[in-house]
Amino acid sequence: MKLLDKIGRDFSGYNILESGKRLLDRKPLQCSLYVTDRCNLDCAYCTEYDNSRPHPNLDDLKKWIRKIRELGTMRIALVGGEPLVHPNIVELVRYCRELGFATSLTTNGFLLTRKLLAELEDAGLQVMQISVDRMTPSPITKKSFKTILPKLDYFRDSKISLHITGVICADTLPESQAVLETGLSRGIPTEVRLVHADSLRRFRVDRGAREELERFIDSMIERKRRGEKIHTSEAILNYQRSLLRGEHVEWSCVAGYKLFFVSAQGKFWICSMVHTDKHIMDVTLDDLYANYRKKSCQEGCGVYCAVNASLLVEKPVAVLGKEIIARAKRLPSIWSRSSGSQISNLTRTGVTNPNDAQKMNGSTEGGPSADEGVTLRESA
Ligand SMILES: C[S@@+](CC[C@H](N)C(=O)[O-])C[C@H]1O[C@@H](n2cnc3c(N)ncnc32)[C@H](O)[C@@H]1O
Ligand code: SF4
Ligand code: SF4
C-alpha cells in the first residue's frame, strides 16, 4: 500500500468530512440494522438474539434499507443476532453500497470463510468488526482468538478494514489484556469495552473487580494517547472510567436522532436497549429530531456507539481534536513501515498462553493499517 494511502486510512476512521455534514444538519448519521435475530452462539452477557424468530425476508429488508437512506442516513451497520447466518447477507451488503451507504458489518466471525470474505468485499463491504472476548472459549463466551486467529490471513490483501472488539467482564478480564495485545501486535485496531446491562439495568454476568477494571481502562487511555490503535475515542475510554467510578457525566443522548436502530421486524428503535413499536416505514425526520433530548436512561448507559455519537455532536472539536492528535502520533511508524512489507504478522497463530500474548504472538511492530477506510459513493 502506498504511503499516502496508509496515512489516509489512519485518518479516515472518523470519516471526518462526511460525518461533518451530519454535525451541521438535522439528518441522521448512522443506522444499525438487525438483519436477523438469529445467532449461532449464545454469549451469556447478550440479550440481542432470539432463535425463535425467522430471518426477515430480503424484500422487506431492502424496503427498510431504502427508507433508512431516504431519511438521509450516511452509514449503515449490519448487526444482529449474527448477520452471517442470514442467507442473503452478501446481496444486502451490495444493496446498501448501491444506495451509497458507508457499510459495516459486525460478526462473531465463526461462519467467515475466505470465499465469503471475498464475496463481501466484491459486494463493497468497507468495514468488518469481529468480536473477540478471550484467547480461548469459556462457558460465558465462545468468541475467542482460538477461532479467529487462523482467519486473519483472509484479510491479508482484502480492502475490507478489520477491527476487533471484545467485551470485558469477570470471565474475560484475565484475558482482556492478551486480546488487546494480540490485535494490536498485528496492526489491527482493537478495543475491549465494559459489559453493559440490559434494558432493565440487569447485568447478566459478573462485571469484574472495579479496581482491576479501572487499571485496565487507564492503561488503554495511556496507550491511546501514545497513538496506539485502540479502536475507540479517548472520550469513550474516559466515559467508561467515569462509569466505574460512579461519576456523573454531562451529555445529551442523540440516539433516535443522529443514530438509531431498526429491528429485524422493521421496528424503529431509539437504541439497542430502548425500543418503540413504530415501524421504520412510518418514521419522519421530525420524529427523529424529537429524540434530540436528554433521556431518563442516560445514567450508566452502556450503548457506547450512542454515547460516542452524542459526545461527538456535543463537543466535536474536543473529541475529534484528540483523535486527530492520537492518529498523528502513528505517522512515524507508518513512515518506517512503508518501505517494508505491508503485511507483517496477521497470521501468526498460537493460543496457548493468554497471560503472555506479547511474547506468544510476536513483537508490537505494526502490521497493515486496518482503520476504517469508509468513503461514501454519493452524498445523502
Ligand atoms: C449483539 S452483537 C451482534 C453481532 C455479532 N453476533 C457479534 O457478536 O459480533 C454486537 C456486539 O455487541 C456486543 N455485546 C453484546 N452484548 C453485550 C453486552 N451485554 N455488553 C457489551 N457488549 C455486548 C457483542 O460482543 C458484539 O460486539
Ligand atoms: S454472537 Fe453476538 S448476537 Fe450472538 S449471542 Fe454473542 S453477542 Fe449475542
Ligand atoms: S441513554 Fe443510552 S439507553 Fe438511553 S436511549 Fe440513549 S443510548 Fe439508549
# chains A, B, ... in the order shown; residues from 1 in each chain; ligands from 1
call {"tool": "select_by_dssp", "arguments": {"residues": "range 112-302 of chain A", "states": "strand (DSSP E or B)", "output": "PyMOL selection string"}}
result
chain A and resi 127-131+134+144+161-168+190-194+230+255+259-262+267-269+275-279
call {"tool": "write_last_selection", "arguments": {"atoms": "C-alpha atoms", "output": "compact mmCIF listing (two decimals), in the first residue's frame"}}
result
# COMPACT_ATOMS: atom_id res chain seq x y z
CA VAL A 127 -15.59 -2.33 7.47
CA MET A 128 -15.89 -5.56 9.42
CA GLN A 129 -15.91 -5.73 13.20
CA ILE A 130 -15.09 -9.16 14.55
CA SER A 131 -15.99 -9.61 18.18
CA ARG A 134 -10.99 -14.16 25.06
CA SER A 144 -12.05 -16.24 21.16
CA SER A 161 -10.95 -2.77 7.07
CA LEU A 162 -10.94 -5.11 10.03
CA HIS A 163 -11.19 -4.15 13.64
CA ILE A 164 -11.63 -6.23 16.74
CA THR A 165 -13.86 -5.55 19.71
CA GLY A 166 -14.11 -7.54 22.92
CA VAL A 167 -16.38 -7.42 25.96
CA ILE A 168 -14.81 -7.14 29.42
CA THR A 190 -8.61 -3.26 18.69
CA GLU A 191 -10.89 -2.30 21.54
CA VAL A 192 -12.19 -4.06 24.60
CA ARG A 193 -15.09 -2.47 26.42
CA LEU A 194 -17.06 -2.91 29.60
CA ILE A 230 -7.09 1.45 20.39
CA ALA A 255 -29.90 8.10 19.98
CA LEU A 259 -28.16 7.32 15.16
CA PHE A 260 -30.95 4.82 15.50
CA PHE A 261 -31.61 1.12 15.25
CA VAL A 262 -34.04 -0.89 13.11
CA LYS A 267 -39.40 -1.54 14.08
CA PHE A 268 -37.75 1.79 14.84
CA TRP A 269 -35.60 1.51 17.94
CA HIS A 275 -37.39 0.01 21.67
CA THR A 276 -40.52 1.51 20.09
CA ASP A 277 -43.43 -0.10 18.26
CA LYS A 278 -43.31 2.41 15.41
CA HIS A 279 -42.41 0.91 12.04
call {"tool": "closest_atom_pairs", "arguments": {"of": "chain A", "to": "ligand 3", "cutoff": "6 Å", "atoms": "only C-alpha atoms and all ligand atoms", "output": "CSV"}}
result
residue,atom,partner,partner_atom_place_in_ligand_line,distance
A:Cys253,CA,ligand 3,6 (Fe),4.8
A:Ala255,CA,ligand 3,6 (Fe),5.1
A:Ile270,CA,ligand 3,5 (S),5.8
A:Cys271,CA,ligand 3,8 (Fe),4.6
A:Met273,CA,ligand 3,3 (S),5.4
A:Val274,CA,ligand 3,8 (Fe),5.5
A:Lys295,CA,ligand 3,1 (S),5.6
A:Cys297,CA,ligand 3,4 (Fe),4.3
A:Gln298,CA,ligand 3,1 (S),3.6
A:Cys301,CA,ligand 3,2 (Fe),4.4
A:Val303,CA,ligand 3,7 (S),5.0
A:Ala306,CA,ligand 3,7 (S),4.8
call {"tool": "closest_residue", "arguments": {"among": "A:Ser52, A:Thr106, A:Ser32, A:Ser233", "to": "ligand 2", "atoms": "only C-alpha atoms and all ligand atoms"}}
result
A:Thr106
call {"tool": "closest_residue", "arguments": {"among": "A:Val205, A:Leu23, A:Leu120, A:Val195", "to": "ligand 1", "atoms": "only C-alpha atoms and all ligand atoms"}}
result
A:Val195
call {"tool": "select_by_dssp", "arguments": {"residues": "range 112-295 of chain A", "states": "helix (DSSP H, G or I)", "output": "mmCIF file with N, CA, C and O atoms, in the first residue's frame"}}
result
data_model
loop_
_atom_site.group_PDB
_atom_site.id
_atom_site.type_symbol
_atom_site.label_atom_id
_atom_site.label_comp_id
_atom_site.auth_asym_id
_atom_site.auth_seq_id
_atom_site.Cartn_x
_atom_site.Cartn_y
_atom_site.Cartn_z
ATOM 1 N N ARG A 114 -12.804 -17.752 3.679
ATOM 2 C CA ARG A 114 -12.081 -16.923 2.707
ATOM 3 C C ARG A 114 -13.004 -16.523 1.558
ATOM 4 O O ARG A 114 -13.025 -15.390 1.106
ATOM 5 N N LYS A 115 -13.826 -17.490 1.115
ATOM 6 C CA LYS A 115 -14.735 -17.254 -0.010
ATOM 7 C C LYS A 115 -15.777 -16.192 0.367
ATOM 8 O O LYS A 115 -16.032 -15.258 -0.401
ATOM 9 N N LEU A 116 -16.347 -16.317 1.550
ATOM 10 C CA LEU A 116 -17.381 -15.359 1.964
ATOM 11 C C LEU A 116 -16.782 -13.959 2.102
ATOM 12 O O LEU A 116 -17.401 -12.967 1.702
ATOM 13 N N LEU A 117 -15.572 -13.882 2.641
ATOM 14 C CA LEU A 117 -14.949 -12.553 2.767
ATOM 15 C C LEU A 117 -14.745 -11.931 1.394
ATOM 16 O O LEU A 117 -15.010 -10.740 1.184
ATOM 17 N N ALA A 118 -14.313 -12.755 0.432
ATOM 18 C CA ALA A 118 -14.105 -12.241 -0.936
ATOM 19 C C ALA A 118 -15.440 -11.772 -1.523
ATOM 20 O O ALA A 118 -15.508 -10.730 -2.198
ATOM 21 N N GLU A 119 -16.501 -12.505 -1.260
ATOM 22 C CA GLU A 119 -17.822 -12.104 -1.780
ATOM 23 C C GLU A 119 -18.292 -10.798 -1.142
ATOM 24 O O GLU A 119 -18.846 -9.923 -1.814
ATOM 25 N N LEU A 120 -18.057 -10.670 0.155
ATOM 26 C CA LEU A 120 -18.458 -9.435 0.850
ATOM 27 C C LEU A 120 -17.639 -8.250 0.332
ATOM 28 O O LEU A 120 -18.146 -7.146 0.160
ATOM 29 N N GLU A 121 -16.376 -8.505 0.074
ATOM 30 C CA GLU A 121 -15.513 -7.446 -0.472
ATOM 31 C C GLU A 121 -16.004 -7.038 -1.855
ATOM 32 O O GLU A 121 -16.143 -5.848 -2.168
ATOM 33 N N ASP A 122 -16.313 -8.028 -2.667
ATOM 34 C CA ASP A 122 -16.809 -7.753 -4.021
ATOM 35 C C ASP A 122 -18.133 -6.974 -3.965
ATOM 36 O O ASP A 122 -18.407 -6.130 -4.808
ATOM 37 N N ALA A 123 -18.927 -7.248 -2.932
ATOM 38 C CA ALA A 123 -20.211 -6.539 -2.782
ATOM 39 C C ALA A 123 -19.998 -5.114 -2.279
ATOM 40 O O ALA A 123 -20.931 -4.314 -2.269
ATOM 41 N N PHE A 145 -9.864 -15.859 20.227
ATOM 42 C CA PHE A 145 -8.857 -15.865 19.160
ATOM 43 C C PHE A 145 -8.549 -17.284 18.684
ATOM 44 O O PHE A 145 -8.001 -17.464 17.603
ATOM 45 N N LYS A 146 -8.888 -18.277 19.486
ATOM 46 C CA LYS A 146 -8.656 -19.657 19.025
ATOM 47 C C LYS A 146 -9.367 -19.869 17.681
ATOM 48 O O LYS A 146 -8.825 -20.508 16.775
ATOM 49 N N THR A 147 -10.563 -19.319 17.552
ATOM 50 C CA THR A 147 -11.312 -19.448 16.292
ATOM 51 C C THR A 147 -10.863 -18.407 15.271
ATOM 52 O O THR A 147 -10.813 -18.694 14.075
ATOM 53 N N ILE A 148 -10.556 -17.212 15.739
ATOM 54 C CA ILE A 148 -10.378 -16.091 14.805
ATOM 55 C C ILE A 148 -8.947 -15.957 14.274
ATOM 56 O O ILE A 148 -8.752 -15.576 13.116
ATOM 57 N N LEU A 149 -7.947 -16.320 15.085
ATOM 58 C CA LEU A 149 -6.565 -16.145 14.608
ATOM 59 C C LEU A 149 -6.313 -16.774 13.236
ATOM 60 O O LEU A 149 -5.763 -16.124 12.343
ATOM 61 N N PRO A 150 -6.736 -18.021 13.007
ATOM 62 C CA PRO A 150 -6.451 -18.623 11.695
ATOM 63 C C PRO A 150 -7.149 -17.892 10.550
ATOM 64 O O PRO A 150 -6.746 -18.027 9.392
ATOM 65 N N LYS A 151 -8.189 -17.096 10.856
ATOM 66 C CA LYS A 151 -8.939 -16.418 9.794
ATOM 67 C C LYS A 151 -8.349 -15.055 9.443
ATOM 68 O O LYS A 151 -8.760 -14.451 8.447
ATOM 69 N N LEU A 152 -7.426 -14.568 10.263
ATOM 70 C CA LEU A 152 -6.889 -13.224 9.995
ATOM 71 C C LEU A 152 -6.167 -13.178 8.660
ATOM 72 O O LEU A 152 -6.110 -12.136 8.006
ATOM 73 N N ASP A 153 -5.654 -14.316 8.258
ATOM 74 C CA ASP A 153 -4.947 -14.384 6.970
ATOM 75 C C ASP A 153 -5.856 -13.985 5.800
ATOM 76 O O ASP A 153 -5.383 -13.479 4.789
ATOM 77 N N TYR A 154 -7.161 -14.201 5.936
ATOM 78 C CA TYR A 154 -8.086 -13.857 4.853
ATOM 79 C C TYR A 154 -8.015 -12.364 4.527
ATOM 80 O O TYR A 154 -8.363 -11.936 3.427
ATOM 81 N N PHE A 155 -7.627 -11.554 5.531
ATOM 82 C CA PHE A 155 -7.654 -10.096 5.366
ATOM 83 C C PHE A 155 -6.353 -9.559 4.769
ATOM 84 O O PHE A 155 -6.219 -8.368 4.553
ATOM 85 N N LEU A 173 -11.914 -10.725 31.790
ATOM 86 C CA LEU A 173 -10.900 -9.769 32.252
ATOM 87 C C LEU A 173 -9.482 -10.354 32.328
ATOM 88 O O LEU A 173 -8.532 -9.706 31.881
ATOM 89 N N PRO A 174 -9.297 -11.576 32.857
ATOM 90 C CA PRO A 174 -7.936 -12.108 32.923
ATOM 91 C C PRO A 174 -7.287 -12.265 31.536
ATOM 92 O O PRO A 174 -6.069 -12.382 31.439
ATOM 93 N N GLU A 175 -8.107 -12.268 30.480
ATOM 94 C CA GLU A 175 -7.548 -12.431 29.126
ATOM 95 C C GLU A 175 -7.700 -11.179 28.267
ATOM 96 O O GLU A 175 -7.245 -11.166 27.120
ATOM 97 N N SER A 176 -8.328 -10.143 28.819
ATOM 98 C CA SER A 176 -8.596 -8.944 28.004
ATOM 99 C C SER A 176 -7.306 -8.299 27.515
ATOM 100 O O SER A 176 -7.213 -7.835 26.379
ATOM 101 N N GLN A 177 -6.298 -8.277 28.412
ATOM 102 C CA GLN A 177 -5.009 -7.688 28.029
ATOM 103 C C GLN A 177 -4.427 -8.460 26.840
ATOM 104 O O GLN A 177 -3.925 -7.878 25.879
ATOM 105 N N ALA A 178 -4.503 -9.791 26.913
ATOM 106 C CA ALA A 178 -3.965 -10.628 25.834
ATOM 107 C C ALA A 178 -4.736 -10.410 24.537
ATOM 108 O O ALA A 178 -4.156 -10.382 23.447
ATOM 109 N N VAL A 179 -6.056 -10.221 24.639
ATOM 110 C CA VAL A 179 -6.868 -9.961 23.437
ATOM 111 C C VAL A 179 -6.400 -8.654 22.791
ATOM 112 O O VAL A 179 -6.168 -8.577 21.577
ATOM 113 N N LEU A 180 -6.218 -7.637 23.637
ATOM 114 C CA LEU A 180 -5.783 -6.333 23.127
ATOM 115 C C LEU A 180 -4.416 -6.449 22.443
ATOM 116 O O LEU A 180 -4.225 -5.977 21.320
ATOM 117 N N GLU A 181 -3.477 -7.120 23.128
ATOM 118 C CA GLU A 181 -2.118 -7.232 22.565
ATOM 119 C C GLU A 181 -2.130 -8.028 21.268
ATOM 120 O O GLU A 181 -1.407 -7.714 20.331
ATOM 121 N N THR A 182 -2.955 -9.056 21.220
ATOM 122 C CA THR A 182 -2.983 -9.919 20.034
ATOM 123 C C THR A 182 -3.460 -9.143 18.815
ATOM 124 O O THR A 182 -2.895 -9.258 17.734
ATOM 125 N N GLY A 183 -4.490 -8.317 19.011
ATOM 126 C CA GLY A 183 -4.960 -7.480 17.903
ATOM 127 C C GLY A 183 -3.945 -6.411 17.542
ATOM 128 O O GLY A 183 -3.530 -6.284 16.384
ATOM 129 N N LEU A 184 -3.507 -5.653 18.550
ATOM 130 C CA LEU A 184 -2.620 -4.511 18.281
ATOM 131 C C LEU A 184 -1.290 -4.959 17.682
ATOM 132 O O LEU A 184 -0.739 -4.298 16.802
ATOM 133 N N ARG A 210 -13.783 -3.821 40.410
ATOM 134 C CA ARG A 210 -13.740 -2.434 39.945
ATOM 135 C C ARG A 210 -12.313 -1.898 39.780
ATOM 136 O O ARG A 210 -11.983 -1.299 38.758
ATOM 137 N N GLU A 211 -11.445 -2.122 40.797
ATOM 138 C CA GLU A 211 -10.085 -1.534 40.707
ATOM 139 C C GLU A 211 -9.331 -2.105 39.507
ATOM 140 O O GLU A 211 -8.642 -1.389 38.803
ATOM 141 N N GLU A 212 -9.495 -3.399 39.318
ATOM 142 C CA GLU A 212 -8.781 -4.042 38.206
ATOM 143 C C GLU A 212 -9.286 -3.491 36.860
ATOM 144 O O GLU A 212 -8.509 -3.217 35.945
ATOM 145 N N LEU A 213 -10.604 -3.322 36.793
ATOM 146 C CA LEU A 213 -11.186 -2.780 35.555
ATOM 147 C C LEU A 213 -10.685 -1.360 35.310
ATOM 148 O O LEU A 213 -10.311 -0.994 34.194
ATOM 149 N N GLU A 214 -10.635 -0.592 36.392
ATOM 150 C CA GLU A 214 -10.204 0.800 36.258
ATOM 151 C C GLU A 214 -8.743 0.874 35.797
ATOM 152 O O GLU A 214 -8.393 1.671 34.930
ATOM 153 N N ARG A 215 -7.909 0.012 36.401
ATOM 154 C CA ARG A 215 -6.493 -0.007 35.990
ATOM 155 C C ARG A 215 -6.372 -0.316 34.497
ATOM 156 O O ARG A 215 -5.591 0.273 33.770
ATOM 157 N N PHE A 216 -7.197 -1.244 34.061
ATOM 158 C CA PHE A 216 -7.125 -1.650 32.660
ATOM 159 C C PHE A 216 -7.585 -0.520 31.724
ATOM 160 O O PHE A 216 -6.955 -0.235 30.704
ATOM 161 N N ILE A 217 -8.676 0.143 32.088
ATOM 162 C CA ILE A 217 -9.160 1.273 31.274
ATOM 163 C C ILE A 217 -8.101 2.371 31.260
ATOM 164 O O ILE A 217 -7.798 2.954 30.196
ATOM 165 N N ASP A 218 -7.494 2.636 32.435
ATOM 166 C CA ASP A 218 -6.433 3.657 32.497
ATOM 167 C C ASP A 218 -5.292 3.320 31.534
ATOM 168 O O ASP A 218 -4.758 4.192 30.856
ATOM 169 N N SER A 219 -4.936 2.033 31.489
ATOM 170 C CA SER A 219 -3.818 1.653 30.609
ATOM 171 C C SER A 219 -4.204 1.862 29.139
ATOM 172 O O SER A 219 -3.382 2.247 28.314
ATOM 173 N N MET A 220 -5.490 1.650 28.821
ATOM 174 C CA MET A 220 -5.907 1.891 27.424
ATOM 175 C C MET A 220 -5.884 3.384 27.102
ATOM 176 O O MET A 220 -5.524 3.780 25.991
ATOM 177 N N ILE A 221 -6.248 4.211 28.090
ATOM 178 C CA ILE A 221 -6.211 5.668 27.865
ATOM 179 C C ILE A 221 -4.766 6.086 27.567
ATOM 180 O O ILE A 221 -4.494 6.825 26.616
ATOM 181 N N GLU A 222 -3.828 5.581 28.385
ATOM 182 C CA GLU A 222 -2.403 5.884 28.171
ATOM 183 C C GLU A 222 -1.963 5.497 26.763
ATOM 184 O O GLU A 222 -1.324 6.253 26.042
ATOM 185 N N ARG A 223 -2.334 4.288 26.373
ATOM 186 C CA ARG A 223 -1.891 3.768 25.072
ATOM 187 C C ARG A 223 -2.541 4.542 23.934
ATOM 188 O O ARG A 223 -1.930 4.795 22.906
ATOM 189 N N LYS A 224 -3.802 4.907 24.131
ATOM 190 C CA LYS A 224 -4.494 5.713 23.119
ATOM 191 C C LYS A 224 -3.751 7.031 22.925
ATOM 192 O O LYS A 224 -3.521 7.478 21.795
ATOM 193 N N ARG A 225 -3.357 7.655 24.061
ATOM 194 C CA ARG A 225 -2.647 8.939 23.967
ATOM 195 C C ARG A 225 -1.308 8.794 23.281
ATOM 196 O O ARG A 225 -0.822 9.728 22.656
ATOM 197 N N GLU A 234 -10.829 8.580 22.952
ATOM 198 C CA GLU A 234 -10.441 8.795 24.348
ATOM 199 C C GLU A 234 -11.672 9.201 25.159
ATOM 200 O O GLU A 234 -11.796 8.865 26.341
ATOM 201 N N ALA A 235 -12.587 9.902 24.506
ATOM 202 C CA ALA A 235 -13.807 10.330 25.211
ATOM 203 C C ALA A 235 -14.574 9.119 25.747
ATOM 204 O O ALA A 235 -15.088 9.137 26.865
ATOM 205 N N ILE A 236 -14.646 8.054 24.963
ATOM 206 C CA ILE A 236 -15.384 6.859 25.408
ATOM 207 C C ILE A 236 -14.605 6.101 26.485
ATOM 208 O O ILE A 236 -15.198 5.537 27.413
ATOM 209 N N LEU A 237 -13.281 6.112 26.387
ATOM 210 C CA LEU A 237 -12.494 5.473 27.453
ATOM 211 C C LEU A 237 -12.690 6.242 28.765
ATOM 212 O O LEU A 237 -12.901 5.644 29.827
ATOM 213 N N ASN A 238 -12.648 7.581 28.679
ATOM 214 C CA ASN A 238 -12.884 8.387 29.887
ATOM 215 C C ASN A 238 -14.291 8.144 30.432
ATOM 216 O O ASN A 238 -14.505 8.078 31.635
ATOM 217 N N TYR A 239 -15.230 8.015 29.513
ATOM 218 C CA TYR A 239 -16.626 7.779 29.922
ATOM 219 C C TYR A 239 -16.727 6.454 30.700
ATOM 220 O O TYR A 239 -17.376 6.379 31.742
ATOM 221 N N GLN A 240 -16.055 5.419 30.186
ATOM 222 C CA GLN A 240 -16.114 4.112 30.864
ATOM 223 C C GLN A 240 -15.465 4.194 32.248
ATOM 224 O O GLN A 240 -15.943 3.588 33.205
ATOM 225 N N ARG A 241 -14.381 4.967 32.346
ATOM 226 C CA ARG A 241 -13.745 5.125 33.662
ATOM 227 C C ARG A 241 -14.719 5.813 34.630
ATOM 228 O O ARG A 241 -14.838 5.435 35.783
ATOM 229 N N SER A 242 -15.432 6.820 34.132
ATOM 230 C CA SER A 242 -16.413 7.506 34.993
ATOM 231 C C SER A 242 -17.525 6.547 35.420
ATOM 232 O O SER A 242 -17.999 6.597 36.553
ATOM 233 N N LEU A 243 -17.943 5.686 34.488
ATOM 234 C CA LEU A 243 -18.967 4.687 34.845
ATOM 235 C C LEU A 243 -18.504 3.840 36.029
ATOM 236 O O LEU A 243 -19.247 3.603 36.981
ATOM 237 N N LEU A 244 -17.241 3.383 35.951
ATOM 238 C CA LEU A 244 -16.705 2.529 37.019
ATOM 239 C C LEU A 244 -16.655 3.276 38.342
ATOM 240 O O LEU A 244 -16.911 2.724 39.401
ATOM 241 N N ARG A 245 -16.307 4.566 38.264
ATOM 242 C CA ARG A 245 -16.172 5.357 39.494
ATOM 243 C C ARG A 245 -17.507 5.884 40.003
ATOM 244 O O ARG A 245 -17.557 6.533 41.033
ATOM 245 N N ILE A 280 -40.331 1.469 10.918
ATOM 246 C CA ILE A 280 -39.374 2.380 10.258
ATOM 247 C C ILE A 280 -40.026 3.071 9.056
ATOM 248 O O ILE A 280 -39.733 4.239 8.771
ATOM 249 N N MET A 281 -40.976 2.378 8.360
ATOM 250 C CA MET A 281 -41.586 2.973 7.176
ATOM 251 C C MET A 281 -42.427 4.207 7.527
ATOM 252 O O MET A 281 -42.733 5.025 6.653
ATOM 253 N N ASP A 282 -42.796 4.350 8.808
ATOM 254 C CA ASP A 282 -43.637 5.489 9.231
ATOM 255 C C ASP A 282 -42.839 6.619 9.877
ATOM 256 O O ASP A 282 -43.428 7.600 10.347
ATOM 257 N N LEU A 285 -38.379 12.735 9.562
ATOM 258 C CA LEU A 285 -37.248 13.473 10.133
ATOM 259 C C LEU A 285 -37.667 14.200 11.415
ATOM 260 O O LEU A 285 -36.876 14.329 12.343
ATOM 261 N N ASP A 286 -38.916 14.664 11.460
ATOM 262 C CA ASP A 286 -39.393 15.323 12.687
ATOM 263 C C ASP A 286 -39.431 14.337 13.851
ATOM 264 O O ASP A 286 -39.105 14.691 14.988
ATOM 265 N N ASP A 287 -39.853 13.093 13.561
ATOM 266 C CA ASP A 287 -39.845 12.074 14.627
ATOM 267 C C ASP A 287 -38.425 11.912 15.172
ATOM 268 O O ASP A 287 -38.217 11.790 16.384
ATOM 269 N N LEU A 288 -37.463 11.873 14.249
ATOM 270 C CA LEU A 288 -36.081 11.685 14.694
ATOM 271 C C LEU A 288 -35.638 12.870 15.557
ATOM 272 O O LEU A 288 -35.077 12.688 16.648
ATOM 273 N N TYR A 289 -35.929 14.075 15.076
ATOM 274 C CA TYR A 289 -35.462 15.271 15.789
ATOM 275 C C TYR A 289 -36.068 15.346 17.198
ATOM 276 O O TYR A 289 -35.427 15.838 18.134
#
call {"tool": "closest_atom_pairs", "arguments": {"of": "chain A", "to": "ligand 1", "cutoff": "9 Å", "atoms": "only C-alpha atoms and all ligand atoms", "output": "Markdown table"}}
result
| residue | atom | partner | partner_atom_place_in_ligand_line | distance |
| --- | --- | --- | --- | --- |
| A:Tyr34 | CA | ligand 1 | 3 (C) | 8.2 |
| A:Asp37 | CA | ligand 1 | 3 (C) | 8.9 |
| A:Arg38 | CA | ligand 1 | 6 (N) | 8.8 |
| A:Cys39 | CA | ligand 1 | 6 (N) | 6.5 |
| A:Asn40 | CA | ligand 1 | 6 (N) | 8.2 |
| A:Leu41 | CA | ligand 1 | 6 (N) | 7.7 |
| A:Cys43 | CA | ligand 1 | 16 (N) | 7.6 |
| A:Ala44 | CA | ligand 1 | 19 (N) | 8.3 |
| A:Tyr45 | CA | ligand 1 | 19 (N) | 4.6 |
| A:Cys46 | CA | ligand 1 | 16 (N) | 3.8 |
| A:Thr47 | CA | ligand 1 | 16 (N) | 6.2 |
| A:Glu48 | CA | ligand 1 | 1 (C) | 5.0 |
| A:Tyr49 | CA | ligand 1 | 1 (C) | 7.0 |
| A:Leu78 | CA | ligand 1 | 4 (C) | 8.3 |
| A:Val79 | CA | ligand 1 | 4 (C) | 5.0 |
| A:Gly80 | CA | ligand 1 | 3 (C) | 4.4 |
| A:Gly81 | CA | ligand 1 | 6 (N) | 4.9 |
| A:Glu82 | CA | ligand 1 | 6 (N) | 3.9 |
| A:Pro83 | CA | ligand 1 | 4 (C) | 6.6 |
| A:Leu84 | CA | ligand 1 | 6 (N) | 8.4 |
| A:Leu105 | CA | ligand 1 | 4 (C) | 8.0 |
| A:Thr106 | CA | ligand 1 | 4 (C) | 4.8 |
| A:Thr107 | CA | ligand 1 | 9 (O) | 3.8 |
| A:Asn108 | CA | ligand 1 | 9 (O) | 4.2 |
| A:Gly109 | CA | ligand 1 | 9 (O) | 7.5 |
| A:Gln129 | CA | ligand 1 | 9 (O) | 7.0 |
| A:Ile130 | CA | ligand 1 | 9 (O) | 5.8 |
| A:Ser131 | CA | ligand 1 | 9 (O) | 4.6 |
| A:Val132 | CA | ligand 1 | 25 (O) | 7.4 |
| A:Asp133 | CA | ligand 1 | 25 (O) | 7.3 |
| A:Lys143 | CA | ligand 1 | 8 (O) | 7.8 |
| A:Ile164 | CA | ligand 1 | 27 (O) | 8.5 |
| A:Thr165 | CA | ligand 1 | 27 (O) | 5.8 |
| A:Gly166 | CA | ligand 1 | 25 (O) | 6.0 |
| A:Val167 | CA | ligand 1 | 21 (C) | 5.4 |
| A:Ile168 | CA | ligand 1 | 21 (C) | 7.6 |
| A:Cys169 | CA | ligand 1 | 20 (N) | 8.6 |
| A:Arg193 | CA | ligand 1 | 21 (C) | 6.8 |
| A:Leu194 | CA | ligand 1 | 21 (C) | 6.1 |
| A:Val195 | CA | ligand 1 | 20 (N) | 3.5 |
| A:His196 | CA | ligand 1 | 20 (N) | 3.9 |
| A:Ala197 | CA | ligand 1 | 19 (N) | 5.7 |
| A:Asp198 | CA | ligand 1 | 19 (N) | 6.5 |
| A:Phe203 | CA | ligand 1 | 19 (N) | 7.2 |
| A:Arg204 | CA | ligand 1 | 19 (N) | 7.3 |
| A:Val205 | CA | ligand 1 | 19 (N) | 8.3 |
| A:Ser272 | CA | ligand 1 | 1 (C) | 8.6 |
| A:Gly302 | CA | ligand 1 | 20 (N) | 7.3 |
| A:Val303 | CA | ligand 1 | 21 (C) | 7.9 |
| A:Tyr304 | CA | ligand 1 | 21 (C) | 8.7 |
call {"tool": "closest_residue", "arguments": {"among": "A:Leu200, A:Val283, A:Met74, A:Ile140", "to": "ligand 2", "atoms": "only C-alpha atoms and all ligand atoms"}}
result
A:Ile140
call {"tool": "residues_around", "arguments": {"residues": "Gly227 in chain A", "least_positions_apart": "3", "cutoff": "6 Å", "atoms": "only C-alpha atoms", "output": "PDB file with N, CA, C and O atoms, in the first residue's frame"}}
result
ATOM      1  N   LYS A 224      -3.802   4.907  24.131  1.00  0.00           N
ATOM      2  CA  LYS A 224      -4.494   5.713  23.119  1.00  0.00           C
ATOM      3  C   LYS A 224      -3.751   7.031  22.925  1.00  0.00           C
ATOM      4  O   LYS A 224      -3.521   7.478  21.795  1.00  0.00           O
ATOM      5  N   ALA A 326      -3.995  11.756  18.340  1.00  0.00           N
ATOM      6  CA  ALA A 326      -3.578  10.371  18.603  1.00  0.00           C
ATOM      7  C   ALA A 326      -3.152   9.698  17.303  1.00  0.00           C
ATOM      8  O   ALA A 326      -2.143   8.996  17.247  1.00  0.00           O
ATOM      9  N   ARG A 327      -3.894   9.947  16.238  1.00  0.00           N
ATOM     10  CA  ARG A 327      -3.548   9.298  14.964  1.00  0.00           C
ATOM     11  C   ARG A 327      -2.284   9.883  14.356  1.00  0.00           C
ATOM     12  O   ARG A 327      -1.509   9.172  13.710  1.00  0.00           O
ATOM     13  N   LYS A 329       0.250  10.683  15.904  1.00  0.00           N
ATOM     14  CA  LYS A 329       1.402  10.049  16.555  1.00  0.00           C
ATOM     15  C   LYS A 329       1.784   8.739  15.874  1.00  0.00           C
ATOM     16  O   LYS A 329       2.845   8.186  16.112  1.00  0.00           O
ATOM     17  N   ARG A 330       0.880   8.215  15.040  1.00  0.00           N
ATOM     18  CA  ARG A 330       1.202   6.966  14.324  1.00  0.00           C
ATOM     19  C   ARG A 330       2.053   7.215  13.086  1.00  0.00           C
ATOM     20  O   ARG A 330       2.588   6.279  12.512  1.00  0.00           O
TER      21      ARG A 330
END
